[in-house]
$ cat data.tsv   # TSV, C-alpha atoms
chain	number	residue	atom	x	y	z
A	20	GLY	CA	73.75	-55.23	-27.07
A	21	TRP	CA	73.59	-57.27	-23.88
A	22	LEU	CA	69.90	-58.14	-24.36
A	23	ARG	CA	70.61	-59.45	-27.84
A	24	PHE	CA	73.31	-61.77	-26.49
A	25	ALA	CA	71.24	-62.82	-23.48
A	26	GLY	CA	68.17	-63.50	-25.60
A	27	ARG	CA	70.14	-65.85	-27.85
A	28	LEU	CA	70.88	-67.99	-24.78
A	29	MET	CA	67.51	-67.73	-23.08
A	30	PRO	CA	64.91	-68.12	-24.46
A	31	GLY	CA	66.50	-68.38	-27.92
A	32	GLY	CA	69.05	-71.10	-27.26
A	33	THR	CA	69.02	-74.63	-28.59
A	34	LEU	CA	69.13	-76.36	-25.20
A	35	PRO	CA	65.72	-77.51	-24.01
A	36	ARG	CA	64.07	-74.83	-21.86
A	37	ARG	CA	63.94	-77.11	-18.80
A	38	ASP	CA	67.70	-77.69	-19.06
A	39	THR	CA	68.28	-73.97	-19.43
A	40	GLU	CA	66.27	-73.16	-16.32
A	41	LEU	CA	67.98	-75.89	-14.28
A	42	VAL	CA	71.36	-74.40	-15.18
A	43	ILE	CA	70.27	-70.82	-14.44
A	44	LEU	CA	68.68	-71.76	-11.13
A	45	ARG	CA	71.73	-73.73	-9.98
A	46	VAL	CA	74.03	-70.82	-10.85
A	47	ALA	CA	71.74	-68.38	-9.03
A	48	HIS	CA	71.61	-70.65	-5.99
A	49	LEU	CA	75.39	-71.12	-5.84
A	50	ARG	CA	75.94	-67.37	-6.27
A	51	ARG	CA	73.29	-66.61	-3.62
A	52	CYS	CA	71.56	-64.27	-6.06
A	53	ALA	CA	68.01	-64.02	-4.72
A	54	TYR	CA	66.83	-61.74	-7.52
A	55	GLU	CA	67.99	-64.10	-10.27
A	56	PHE	CA	66.80	-67.19	-8.39
A	57	GLU	CA	63.29	-65.93	-7.65
A	58	HIS	CA	62.89	-64.54	-11.16
A	59	HIS	CA	63.82	-67.89	-12.71
A	60	VAL	CA	61.68	-69.88	-10.30
A	61	ARG	CA	58.73	-68.05	-11.87
A	62	ILE	CA	60.02	-68.57	-15.41
A	63	GLY	CA	60.93	-72.17	-14.64
A	64	ARG	CA	57.39	-73.02	-13.61
A	65	ARG	CA	56.35	-72.37	-17.22
A	66	THR	CA	58.91	-74.95	-18.37
A	67	GLY	CA	57.80	-77.65	-15.94
A	68	ILE	CA	60.14	-76.91	-13.02
A	69	THR	CA	58.31	-78.08	-9.90
A	70	ARG	CA	58.65	-77.17	-6.24
A	71	ASP	CA	60.40	-80.53	-5.73
A	72	ASP	CA	62.83	-79.64	-8.53
A	73	ILE	CA	63.61	-76.35	-6.77
A	74	HIS	CA	64.45	-78.20	-3.55
A	75	ARG	CA	66.63	-80.64	-5.51
A	76	ILE	CA	68.37	-77.74	-7.32
A	77	GLU	CA	69.27	-76.33	-3.92
A	78	ALA	CA	70.45	-79.77	-2.74
A	79	GLY	CA	72.59	-80.24	-5.85
A	80	PRO	CA	73.37	-82.84	-8.48
A	81	ARG	CA	73.63	-85.71	-5.99
A	82	ALA	CA	70.01	-85.30	-4.89
A	83	PRO	CA	67.83	-88.26	-5.85
A	84	GLY	CA	65.45	-87.86	-8.76
A	85	TRP	CA	67.62	-86.26	-11.43
A	86	THR	CA	67.95	-87.86	-14.83
A	87	PRO	CA	71.55	-88.66	-15.85
A	88	ARG	CA	71.46	-85.65	-18.22
A	89	GLU	CA	70.17	-83.28	-15.53
A	90	ARG	CA	72.74	-84.59	-13.05
A	91	ALA	CA	75.52	-83.99	-15.61
A	92	LEU	CA	74.38	-80.41	-16.25
A	93	LEU	CA	74.09	-79.56	-12.56
A	94	HIS	CA	77.42	-81.20	-11.75
A	95	ALA	CA	79.09	-79.21	-14.53
A	96	VAL	CA	77.61	-75.98	-13.09
A	97	ASP	CA	79.07	-76.89	-9.70
A	98	VAL	CA	82.50	-77.63	-11.17
A	99	LEU	CA	82.50	-74.35	-13.12
A	100	HIS	CA	81.49	-72.50	-9.97
A	101	THR	CA	84.31	-73.91	-7.85
A	102	GLU	CA	87.07	-74.47	-10.42
A	103	ARG	CA	86.27	-71.91	-13.14
A	104	ASP	CA	87.08	-74.75	-15.55
A	105	LEU	CA	85.87	-78.23	-16.43
A	106	ASP	CA	88.04	-81.28	-15.77
A	107	ASP	CA	88.26	-84.05	-18.34
A	108	ALA	CA	85.77	-86.28	-16.51
A	109	THR	CA	83.14	-83.51	-16.46
A	110	TRP	CA	83.74	-82.77	-20.16
A	111	ALA	CA	83.28	-86.46	-20.93
A	112	GLU	CA	80.12	-86.67	-18.82
A	113	LEU	CA	78.60	-83.66	-20.60
A	114	GLY	CA	79.63	-85.14	-23.94
A	115	THR	CA	77.46	-88.19	-23.36
A	116	HIS	CA	74.39	-85.91	-23.27
A	117	LEU	CA	75.29	-82.90	-25.41
A	118	ASN	CA	76.99	-82.44	-28.74
A	119	GLU	CA	79.87	-79.97	-29.02
A	120	PRO	CA	77.76	-76.91	-29.98
A	121	ALA	CA	75.41	-77.64	-27.07
A	122	VAL	CA	78.34	-77.89	-24.64
A	123	ILE	CA	79.57	-74.51	-25.86
A	124	GLU	CA	76.07	-73.06	-25.42
A	125	PHE	CA	75.95	-74.55	-21.89
A	126	LEU	CA	79.27	-72.84	-21.05
A	127	LEU	CA	78.05	-69.50	-22.37
A	128	LEU	CA	74.75	-69.85	-20.50
A	129	ALA	CA	76.35	-70.74	-17.16
A	130	GLY	CA	79.00	-68.05	-17.57
A	131	HIS	CA	76.45	-65.43	-18.54
A	132	TYR	CA	74.25	-66.06	-15.51
A	133	ASP	CA	77.31	-66.10	-13.26
A	134	MET	CA	78.21	-62.65	-14.66
A	135	LEU	CA	74.63	-61.47	-14.23
A	136	ALA	CA	74.62	-62.67	-10.61
A	137	THR	CA	77.78	-60.65	-9.98
A	138	PHE	CA	76.12	-57.57	-11.47
A	139	VAL	CA	72.85	-57.99	-9.55
A	140	ASN	CA	74.51	-58.83	-6.24
A	141	THR	CA	77.05	-56.00	-6.49
A	142	LEU	CA	74.31	-53.47	-7.21
A	143	ARG	CA	72.30	-54.92	-4.29
A	144	ILE	CA	69.23	-55.39	-6.49
A	145	GLU	CA	66.42	-56.83	-4.39
A	146	PRO	CA	63.96	-59.44	-5.67
A	147	ASP	CA	60.82	-58.09	-7.31
A	148	GLN	CA	57.76	-57.69	-5.12
A	149	ALA	CA	55.25	-60.50	-5.55
A	150	ARG	CA	52.45	-59.62	-7.94
A	151	ARG	CA	48.87	-60.09	-6.89
$ encode --input "data.tsv" --output "structure tokens"
Amino acid sequence: GWLRFAGRLMPGGTLPRRDTELVILRVAHLRRCAYEFEHHVRIGRRTGITRDDIHRIEAGPRAPGWTPRERALLHAVDVLHTERDLDDATWAELGTHLNEPAVIEFLLLAGHYDMLATFVNTLRIEPDQARR
């Protein structure tokens, strides 16, 4: 059942794949989930996530180089991480870039990967070995 739900968010969601990977990577970074982070660095490369993007994801939404949309998504991830809620200003900022169904999908995506980070970190799952 979990895979069906997860697959509807990634890769089957309606958000652009780059946006999805930015959100997942920021959640993984904030949660210090090495397994999730490294796994999605590899996936993200296929969606155009660069090494510079990875450094900016780690630096956060205030890092130079983000589009307004990307900055809004990353900022919303940070607010969810610290507050477990979105304030009105963050809702409004997201609303300038996403319609209501997309905001709901964003919330489910960020929440899902937060839950997955809890699971992976609690079970002490180590990152996969690099393939040759």
$ atom_distance --input "data.tsv" --atom1 "CA of Gly32 (chain A)" --atom2 "CA of Arg61 (chain A)"
18.8 Å
$ residues_around --input "data.tsv" --residues "region 103-118 of chain A" --least-positions-apart "5" --cutoff "10 Å" --atoms "all atoms listed in the file" --output "VMD selection string"
chain A and resid 34 87 to 92 94 to 98 123 to 126 130
$ residues_around --input "data.tsv" --residues "Val42 (chain A)" --least-positions-apart "3" --cutoff "7 Å" --atoms "all atoms listed in the file" --output "PyMOL selection string"
chain A and resi 38-39+45-46+92-93+96+129
$ atom_distance --input "data.tsv" --atom1 "CA of Pro83 (chain A)" --atom2 "CA of Pro146 (chain A)"
29.1 Å
$ residues_around --input "data.tsv" --residues "Thr137 (chain A)" --least-positions-apart "4" --cutoff "8 Å" --atoms "only C-alpha atoms" --output "list in words"
Arg50, Asp133 and Thr141 of chain A
$ atom_distance --input "data.tsv" --atom1 "CA of Arg65 (chain A)" --atom2 "CA of Thr101 (chain A)"
29.5 Å
$ closest_residue --input "data.tsv" --among "A:Leu41, A:Tyr132, A:Pro35, A:Glu145" --to "Gly79 (chain A)" --atoms "all atoms listed in the file"
A:Leu41
$ residues_around --input "data.tsv" --residues "Arg36 (chain A)" --least-positions-apart "5" --cutoff "9 Å" --atoms "only C-alpha atoms" --output "PyMOL selection string"
chain A and resi 29-30+41+63+66
$ axis_aligned_box --input "data.tsv" --around "region 133-143 of chain A" --padding-each-side "3 Å" --output "JSON"
{"center_x": 75.3, "center_y": -59.8, "center_z": -9.5, "size_x": 11.9, "size_y": 18.6, "size_z": 16.4}
$ closest_residue --input "data.tsv" --among "A:Leu44, A:Ile62, A:Leu135, A:Ala53" --to "Arg75 (chain A)" --atoms "only C-alpha atoms"
A:Leu44
